Amino acid sequence: TNSSDAKQPKILSEEEERDRYRKTLSKLSVEEILAIKSSLGTKMFNSKWDGAGASKSKSKEKPVFKRANANRPREESSKKRVPKFVKVVPIAKQERRDPRFDPLCGEFDKKEFKKSYKFLNRIKQKELVELKSQLKGATGEQRSKIKYLIQRSENQLRAEARTEAADKAAKAEKQERIDALNRGEKPIFKTKKTQKEEELVKTYESLKEKGGLDNYIKKKSKKNTQKDRKIMGQPSKSYS
């Protein structure tokens with residue numbers, strides 16, 4: 001029995017094992033210590049040096065806060081940081097909708113849009129009269145600014161009038177085709193070329209009535225001349 005007891009290895013305590021490990025390292029050179037550290041790893045090397053066992057690495061269990069009554073508020077830890085902004089009363093989120101892209105607002109109707117905002121042309125006409133009265137006493141930069149506003153308003157009103165006239169003509173042409181079908185006749189569909197020629201004739205007639213036909217012809221001829229010069233100035237293509 002005594003011989004068997006002598007052969008059994010001595011079980012060292014944690015402190016004895018740590019002291020033994022430190023004594024072994026104290027006899028080694030710095031290069032050997034660094035080699036051992038790199039082979040074991042920094043975490044394992046430090047745990048052996050400090051003697052940190054598995055018992056210390058056990059994670060602490062988090063305390064569970066229970067309610068004595070289900071109607072009471074839940075108990076919170078005092079260590080938990082309180083947020084800066086606490087929503088005491090929930091506020092409903094305001095949703096902003098753009099009527100142009102919202103299907104709930106229906107589809108865009110050009111006819112109804114023009115009908116609803118037709119009053120804007122009357123406002124523009126009043127503003128134009130007011131601007132023309134302001135132009136009489138204006139000087140310098142203010143005068144040029146008012147001139148620009150007058151020209152812009154006139155162009156907008158003129159474009160609106162042209163659009164309205166074109167819509168009326170298209171409506172009348174459509175009605176003519178419907179009437180022809182009702183009479184049992186074949187409806188006439190005008191080509192784009194015919195429509196363009198008719199529009200040009202109407203433009204000439206309206207300018208002749210207003211007395212601006214000569215200026216229109218001069219501007220048109222000048223524009224055509226510049227276009228011809230631009231075409232003639234381009235180098236001709238060589239074909240080999």
# chains A, B, ... in the order shown; residues from 1 in each chain; ligands from 1

$ residues_around --residues "Lys147 (chain A)" --least-positions-apart "3" --cutoff "10 Å" --atoms "only C-alpha atoms" --output "PyMOL selection string"
chain A and resi 131-132+134-135+138+141-144+150-153

$ write_last_selection --atoms "N, CA, C and O atoms" --output "CSV table (one decimal), in the first residue's frame"
chain,number,residue,atom,x,y,z
A,131,LEU,N,-49.4,95.9,-63.3
A,131,LEU,CA,-48.0,96.0,-63.7
A,131,LEU,C,-47.8,97.1,-64.7
A,131,LEU,O,-46.8,97.9,-64.6
A,132,LYS,N,-48.7,97.2,-65.6
A,132,LYS,CA,-48.6,98.3,-66.7
A,132,LYS,C,-48.7,99.7,-66.1
A,132,LYS,O,-48.0,100.6,-66.5
A,134,GLN,N,-47.8,100.4,-63.0
A,134,GLN,CA,-46.6,100.6,-62.2
A,134,GLN,C,-45.4,100.9,-63.1
A,134,GLN,O,-44.4,101.6,-62.7
A,135,LEU,N,-45.4,100.5,-64.3
A,135,LEU,CA,-44.3,100.7,-65.3
A,135,LEU,C,-44.1,102.2,-65.6
A,135,LEU,O,-43.0,102.6,-65.9
A,138,ALA,N,-41.9,103.7,-62.9
A,138,ALA,CA,-40.7,103.0,-62.6
A,138,ALA,C,-39.4,103.4,-63.4
A,138,ALA,O,-39.6,103.9,-64.5
A,141,GLU,N,-33.5,99.6,-62.6
A,141,GLU,CA,-33.6,98.1,-62.5
A,141,GLU,C,-35.0,97.7,-62.2
A,141,GLU,O,-35.5,96.6,-62.7
A,142,GLN,N,-35.8,98.5,-61.5
A,142,GLN,CA,-37.2,98.2,-61.2
A,142,GLN,C,-38.0,98.2,-62.5
A,142,GLN,O,-38.9,97.3,-62.7
A,143,ARG,N,-37.7,99.1,-63.4
A,143,ARG,CA,-38.4,99.2,-64.7
A,143,ARG,C,-38.2,97.9,-65.5
A,143,ARG,O,-39.1,97.3,-66.1
A,144,SER,N,-36.9,97.5,-65.6
A,144,SER,CA,-36.6,96.3,-66.4
A,144,SER,C,-37.3,95.0,-65.7
A,144,SER,O,-37.7,94.1,-66.5
A,150,ILE,N,-44.3,91.7,-67.1
A,150,ILE,CA,-45.3,92.0,-68.1
A,150,ILE,C,-45.2,91.0,-69.2
A,150,ILE,O,-46.2,90.4,-69.7
A,151,GLN,N,-44.0,90.9,-69.8
A,151,GLN,CA,-43.8,90.0,-70.9
A,151,GLN,C,-44.1,88.6,-70.6
A,151,GLN,O,-44.8,87.9,-71.4
A,152,ARG,N,-43.8,88.1,-69.4
A,152,ARG,CA,-44.0,86.8,-69.0
A,152,ARG,C,-45.5,86.5,-68.8
A,152,ARG,O,-46.1,85.5,-69.3
A,153,SER,N,-46.2,87.5,-68.2
A,153,SER,CA,-47.7,87.4,-68.0
A,153,SER,C,-48.4,87.3,-69.4
A,153,SER,O,-49.3,86.5,-69.6

$ residues_around --residues "Lys114 (chain A)" --least-positions-apart "5" --cutoff "12 Å" --atoms "only C-alpha atoms" --output "ChimeraX atom specification"
/A:108-109,119-121,160,163-164,167

$ select_by_dssp --residues "region 5-202 of chain A" --states "helix (DSSP H, G or I)" --output "JSON, numbers by chain"
{"A": [5, 6, 7, 14, 15, 16, 17, 18, 19, 20, 21, 22, 23, 24, 25, 26, 30, 31, 32, 33, 34, 35, 36, 37, 38, 39, 40, 42, 43, 44, 45, 46, 47, 48, 49, 50, 103, 104, 105, 110, 111, 112, 113, 114, 115, 116, 119, 120, 121, 122, 123, 124, 125, 126, 127, 128, 129, 130, 131, 132, 133, 134, 135, 136, 137, 140, 141, 142, 143, 144, 145, 146, 147, 148, 149, 150, 151, 152, 153, 154, 155, 156, 157, 158, 159, 160, 161, 162, 163, 164, 165, 166, 167, 168, 169, 170, 171, 172, 173, 174, 175, 176, 177, 178, 179, 180, 181, 182, 192, 193, 194, 195, 196, 197, 198, 199, 200, 201, 202]}

$ atom_distance --atom1 "CA of Asn224 (chain A)" --atom2 "CA of Tyr204 (chain A)"
17.2 Å

$ closest_residue --among "A:Glu198, A:Lys192, A:Arg229, A:Tyr148" --to "Ala169 (chain A)" --atoms "only C-alpha atoms"
A:Glu198

$ closest_residue --among "A:Lys202, A:Lys37, A:Arg162, A:Lys48" --to "Arg20 (chain A)" --atoms "only C-alpha atoms"
A:Lys48
